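Visitor: I am sharing data-v5.pdb, which consists of PDB, C-alpha atoms:
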ATOM      1  CA  MET A   1     -44.522 -46.082 -88.348
ATOM      2  CA  ASP A   2     -43.968 -42.773 -90.082
ATOM      3  CA  ILE A   3     -44.750 -39.288 -88.783
ATOM      4  CA  TYR A   4     -48.203 -39.256 -90.418
ATOM      5  CA  SER A   5     -49.171 -42.525 -88.737
ATOM      6  CA  TYR A   6     -47.832 -41.229 -85.431
ATOM      7  CA  ASN A   7     -49.878 -38.026 -85.738
ATOM      8  CA  ALA A   8     -52.954 -40.081 -86.607
ATOM      9  CA  CYS A   9     -52.415 -42.117 -83.430
ATOM     10  CA  VAL A  10     -52.145 -38.931 -81.373
ATOM     11  CA  GLN A  11     -55.384 -37.568 -82.815
ATOM     12  CA  GLN A  12     -57.215 -40.861 -82.500
ATOM     13  CA  TRP A  13     -56.144 -42.025 -79.028
ATOM     14  CA  ALA A  14     -55.131 -38.967 -76.982
ATOM     15  CA  ASP A  15     -58.575 -38.388 -75.452
ATOM     16  CA  ALA A  16     -59.176 -42.040 -74.561
ATOM     17  CA  LEU A  17     -55.683 -42.301 -73.043
ATOM     18  CA  PHE A  18     -56.274 -39.154 -71.020
ATOM     19  CA  ARG A  19     -59.609 -40.456 -69.670
ATOM     20  CA  PHE A  20     -57.981 -43.750 -68.721
ATOM     21  CA  ALA A  21     -54.941 -42.084 -67.128
ATOM     22  CA  TYR A  22     -57.147 -39.595 -65.272
ATOM     23  CA  LYS A  23     -59.273 -42.367 -63.808
ATOM     24  CA  CYS A  24     -56.140 -44.285 -62.819
ATOM     25  CA  THR A  25     -54.233 -41.375 -61.291
ATOM     26  CA  GLY A  26     -57.086 -39.199 -60.034
ATOM     27  CA  HIS A  27     -55.222 -36.018 -60.964
ATOM     28  CA  GLU A  28     -55.481 -34.105 -64.194
ATOM     29  CA  GLU A  29     -51.836 -33.021 -64.292
ATOM     30  CA  ASP A  30     -50.598 -36.534 -63.594
ATOM     31  CA  ALA A  31     -52.850 -37.864 -66.347
ATOM     32  CA  ARG A  32     -51.434 -35.329 -68.805
ATOM     33  CA  ASP A  33     -47.897 -36.318 -67.845
ATOM     34  CA  VAL A  34     -48.685 -40.008 -68.243
ATOM     35  CA  VAL A  35     -50.257 -39.502 -71.682
ATOM     36  CA  GLN A  36     -47.373 -37.324 -72.799
ATOM     37  CA  GLY A  37     -44.967 -39.984 -71.610
ATOM     38  CA  ALA A  38     -46.881 -42.696 -73.481
ATOM     39  CA  PHE A  39     -46.681 -40.768 -76.744
ATOM     40  CA  GLU A  40     -43.003 -40.074 -76.111
ATOM     41  CA  VAL A  41     -42.367 -43.812 -75.743
ATOM     42  CA  LEU A  42     -44.351 -44.471 -78.924
ATOM     43  CA  TRP A  43     -42.230 -41.915 -80.773
ATOM     44  CA  GLN A  44     -39.016 -43.480 -79.507
ATOM     45  CA  LYS A  45     -40.193 -46.948 -80.533
ATOM     46  CA  ARG A  46     -41.986 -45.905 -83.730
ATOM     47  CA  GLY A  47     -39.757 -48.173 -85.813
ATOM     48  CA  ASP A  48     -40.800 -51.222 -83.779
ATOM     49  CA  VAL A  49     -44.547 -50.534 -83.380
ATOM     50  CA  GLN A  50     -46.962 -51.263 -86.197
ATOM     51  CA  GLN A  51     -49.789 -48.764 -86.595
ATOM     52  CA  GLU A  52     -52.501 -51.400 -86.070
ATOM     53  CA  LYS A  53     -50.913 -52.313 -82.710
ATOM     54  CA  ALA A  54     -50.351 -48.725 -81.582
ATOM     55  CA  LYS A  55     -53.577 -48.561 -79.535
ATOM     56  CA  ALA A  56     -52.688 -51.576 -77.392
ATOM     57  CA  PHE A  57     -49.097 -50.347 -77.092
ATOM     58  CA  LEU A  58     -50.221 -46.891 -75.922
ATOM     59  CA  PHE A  59     -52.670 -48.262 -73.357
ATOM     60  CA  GLN A  60     -50.036 -50.670 -72.070
ATOM     61  CA  VAL A  61     -47.512 -47.849 -71.609
ATOM     62  CA  THR A  62     -50.183 -45.641 -70.019
ATOM     63  CA  TYR A  63     -51.156 -48.431 -67.643
ATOM     64  CA  ARG A  64     -47.556 -49.034 -66.588
ATOM     65  CA  GLN A  65     -46.824 -45.339 -66.132
ATOM     66  CA  SER A  66     -50.019 -44.944 -64.089
ATOM     67  CA  VAL A  67     -48.896 -47.787 -61.822
ATOM     68  CA  ASP A  68     -45.475 -46.153 -61.456
ATOM     69  CA  ASN A  69     -47.196 -42.871 -60.660
ATOM     70  CA  TYR A  70     -49.347 -44.632 -58.047
ATOM     71  CA  ARG A  71     -46.247 -46.061 -56.382
ATOM     72  CA  LYS A  72     -44.649 -42.621 -56.214
ATOM     73  CA  LYS A  73     -47.873 -41.053 -54.960
ATOM     74  CA  GLY A  74     -47.007 -41.693 -51.325
ATOM     75  CA  LYS A  75     -44.066 -39.349 -51.713
ATOM     76  CA  ILE A  76     -46.087 -36.527 -53.281
ATOM     77  CA  VAL A  77     -48.548 -34.264 -51.483
ATOM     78  CA  TYR A  78     -51.209 -32.629 -53.640
ATOM     79  CA  LYS A  79     -53.061 -29.444 -52.902
ATOM     80  CA  GLU A  80     -56.792 -29.939 -52.885
ATOM     81  CA  ALA A  81     -58.040 -28.627 -56.170
ATOM     82  CA  GLU A  82     -61.447 -28.918 -57.669
ATOM     83  CA  ARG A  83     -61.451 -31.625 -60.280
ATOM     84  CA  THR A  84     -62.877 -30.876 -63.662
ATOM     85  CA  ASP A  85     -65.855 -32.941 -64.665
ATOM     86  CA  LEU A  86     -64.739 -34.954 -67.675
ATOM     87  CA  THR A  87     -67.902 -36.892 -68.337
ATOM     88  CA  HIS A  88     -70.634 -34.303 -67.662
ATOM     89  CA  PRO A  89     -72.959 -36.803 -65.999
ATOM     90  CA  GLN A  90     -76.668 -36.153 -65.646
ATOM     91  CA  ASN A  91     -76.309 -36.560 -61.892
ATOM     92  CA  PRO A  92     -73.094 -35.049 -60.444
ATOM     93  CA  ASP A  93     -73.654 -36.936 -57.171
ATOM     94  CA  LEU A  94     -73.555 -40.208 -59.084
ATOM     95  CA  LYS A  95     -70.114 -39.333 -60.437
ATOM     96  CA  LYS A  96     -68.855 -38.658 -56.904
ATOM     97  CA  ILE A  97     -70.278 -41.960 -55.678
ATOM     98  CA  LEU A  98     -68.702 -43.872 -58.565
ATOM     99  CA  ASP A  99     -65.348 -42.145 -58.014
ATOM    100  CA  LYS A 100     -65.464 -43.095 -54.319
ATOM    101  CA  ALA A 101     -66.352 -46.663 -55.244
ATOM    102  CA  LEU A 102     -63.430 -46.877 -57.680
ATOM    103  CA  ALA A 103     -61.150 -45.452 -54.998
ATOM    104  CA  GLN A 104     -61.903 -48.564 -52.896
ATOM    105  CA  LEU A 105     -60.027 -50.698 -55.425
ATOM    106  CA  ASP A 106     -56.297 -51.232 -55.646
ATOM    107  CA  GLU A 107     -54.497 -49.785 -58.677
ATOM    108  CA  GLN A 108     -54.574 -52.967 -60.746
ATOM    109  CA  SER A 109     -58.257 -53.674 -60.112
ATOM    110  CA  ARG A 110     -59.205 -50.073 -60.871
ATOM    111  CA  ALA A 111     -57.264 -50.202 -64.150
ATOM    112  CA  LEU A 112     -58.959 -53.465 -65.141
ATOM    113  CA  VAL A 113     -62.433 -52.069 -64.436
ATOM    114  CA  LEU A 114     -61.619 -48.900 -66.358
ATOM    115  CA  LEU A 115     -60.260 -50.792 -69.347
ATOM    116  CA  LYS A 116     -63.229 -53.170 -69.495
ATOM    117  CA  ASP A 117     -66.195 -51.088 -68.398
ATOM    118  CA  TYR A 118     -65.174 -47.544 -69.356
ATOM    119  CA  GLU A 119     -63.045 -48.120 -72.445
ATOM    120  CA  GLY A 120     -64.753 -51.306 -73.652
ATOM    121  CA  TYR A 121     -61.725 -53.516 -74.227
ATOM    122  CA  ARG A 122     -62.084 -57.271 -74.674
ATOM    123  CA  TYR A 123     -60.490 -59.609 -72.121
ATOM    124  CA  GLU A 124     -57.703 -60.614 -74.498
ATOM    125  CA  GLU A 125     -56.838 -56.961 -75.167
ATOM    126  CA  ILE A 126     -56.776 -56.201 -71.453
ATOM    127  CA  ALA A 127     -54.507 -59.195 -70.912
ATOM    128  CA  GLN A 128     -52.116 -57.873 -73.535
ATOM    129  CA  ILE A 129     -52.135 -54.357 -72.060
ATOM    130  CA  THR A 130     -51.618 -55.433 -68.455
ATOM    131  CA  GLY A 131     -49.357 -58.425 -68.983
ATOM    132  CA  LEU A 132     -51.806 -60.745 -67.210
ATOM    133  CA  ASN A 133     -53.329 -63.803 -68.808
ATOM    134  CA  GLU A 134     -56.987 -63.809 -69.830
ATOM    135  CA  SER A 135     -58.079 -65.986 -66.886
ATOM    136  CA  GLN A 136     -56.399 -63.661 -64.400
ATOM    137  CA  VAL A 137     -58.130 -60.676 -65.991
ATOM    138  CA  LYS A 138     -61.530 -62.360 -65.597
ATOM    139  CA  VAL A 139     -60.876 -63.387 -61.987
ATOM    140  CA  TYR A 140     -59.498 -59.989 -60.950
ATOM    141  CA  LEU A 141     -62.392 -58.198 -62.669
ATOM    142  CA  HIS A 142     -64.899 -60.439 -60.915
ATOM    143  CA  ARG A 143     -63.301 -59.682 -57.539
ATOM    144  CA  ALA A 144     -63.156 -55.957 -58.281
ATOM    145  CA  ARG A 145     -66.821 -55.902 -59.262
ATOM    146  CA  LYS A 146     -67.723 -57.697 -56.025
ATOM    147  CA  VAL A 147     -65.917 -54.970 -54.067
ATOM    148  CA  LEU A 148     -67.690 -52.268 -56.086
ATOM    149  CA  LYS A 149     -71.067 -53.934 -55.580
ATOM    150  CA  ALA A 150     -70.517 -54.276 -51.831
ATOM    151  CA  TYR A 151     -69.577 -50.612 -51.640
ATOM    152  CA  LEU A 152     -72.466 -49.390 -53.786
ATOM    153  CA  VAL A 153     -75.197 -51.395 -52.030
ATOM    154  CA  ASN A 154     -74.117 -50.070 -48.635
ATOM    155  CA  VAL A 155     -76.506 -47.187 -47.936
ATOM    156  CA  GLU A 156     -74.002 -45.323 -45.726
ATOM    157  CA  ASN A 157     -71.637 -44.925 -48.682
ATOM    158  CA  ILE A 158     -74.315 -43.392 -50.899
ATOM    159  CA  ILE A 159     -75.369 -40.655 -48.490
TER
END
Mind converting the file's structure to structure tokens?
Guide:
Amino acid sequence: MDIYSYNACVQQWADALFRFAYKCTGHEEDARDVVQGAFEVLWQKRGDVQQEKAKAFLFQVTYRQSVDNYRKKGKIVYKEAERTDLTHPQNPDLKKILDKALAQLDEQSRALVLLKDYEGYRYEEIAQITGLNESQVKVYLHRARKVLKAYLVNVENII
């Protein structure tokens, strides 16, 4: 991969990586750090990564760095800051409800739901990104969706 291909990857995938990292980490600054780290790894491994595989490579690195960030999270205390609205939903309450529902999931389940339902990846791509096999991805997604459904149908959680 040359510098032009690298720059094309940055332009093409930076926003999607940021959205994914933000949903995984829950903090804008952490998401920026994770995305920056993913592009740094891509730059360091640019000789080994083909341009057509750069998207999967970047999401895989972002996923792993988000998991690492999640593990360190217990050691870090954040000040409460108002989060910026990245999606500009029609109903801001719906976004809060969905964020609370996603917060019910463990890190891996949340990442799988985000990759499949927010970013639109196929099962085989998700398996490649996460290092799971395709069957595991399907089973874990099914379980995660059951947790989300149980949370969302509970009236107390919506109010």
Visitor: Quick one: which residues end up in the PyMOL selection byres ((chain A and resi 16) around 12) for this structure, as number ranges by chain?
Guide: A: 9-15, 17-23, 31-32, 35, 55-56, 58-59, 62, 86-87, 114-115, 118-121
Visitor: Just to confirm, what's the straight-line distance from CA of Val49 (chain A) to CA of Asn7 (chain A) in Å (one decimal)?
Guide: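 Interatomic distance, CA of Val49 (chain A) to CA of Asn7 (chain A): 13.8 Å.
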Visitor: Report, as JSON, the axis-aligned box around all atoms of region 116-127 of chain A present in the file, extended by 5 Å on each side; give centre and edge lengths in Å to one decimal place.
Guide:
{"center_x": -60.4, "center_y": -54.1, "center_z": -71.8, "size_x": 21.7, "size_y": 23.1, "size_z": 16.8}
Visitor: One decimal, in Å: what's the spacing between CA of Lys138 (chain A) and CA of Gln104 (chain A)?
Guide: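 These two atoms are separated by 18.8 Å.
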Visitor: On this file, the PyMOL selection byres ((chain A and resi 116) around 12) gives some set of residues; write that set as an NGL selection string.
Guide: :A and (20 or 109-115 or 117-127 or 129-130 or 137-138 or 140-142 or 144-145)
Visitor: Restricting the calculation to all atoms listed in the file: of A:Val67, A:Val34, A:Leu105, A:Val61, which residue gets closest to Lys149 (chain A)?
Guide: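 When distances to Lys149 (chain A) are compared using all atoms listed in the file, the smallest one comes from A:Leu105.
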Visitor: Please, what distance in Å, to one decimal, runs between CA of Gln60 (chain A) and CA of Leu98 (chain A)?
Guide: 24.0 Å
Visitor: Of the candidates A:Gln51, A:Gln44, A:Thr25, A:Gln136, which shows the shortest atom-to-atom distance to Gln65 (chain A), using all atoms listed in the file?
Guide: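 Closest to Gln65 (chain A) of all the choices is A:Thr25.
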Visitor: Which is closer to His27 (chain A) than all the others in A:Asn69, A:Asn154, A:Ser5, A:Gln128, using all atoms listed in the file?
Guide: A:Asn69
Visitor: Exactly which residues make up the result of the PyMOL selection byres ((chain A and resi 42) around 10) on this file, given as a ChimeraX atom specification?
Guide: /A:1,6,9-10,36-41,43-49,54,57-58,61
Visitor: Taking only C-alpha atoms into account, which of A:Ala8, A:Cys24, A:Asp93, A:Ala150 comes nearest Glu52 (chain A)?
Guide: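 Checking each of A:Ala8, A:Cys24, A:Asp93, A:Ala150 against Glu52 (chain A), counting only C-alpha atoms, the winner is A:Ala8.
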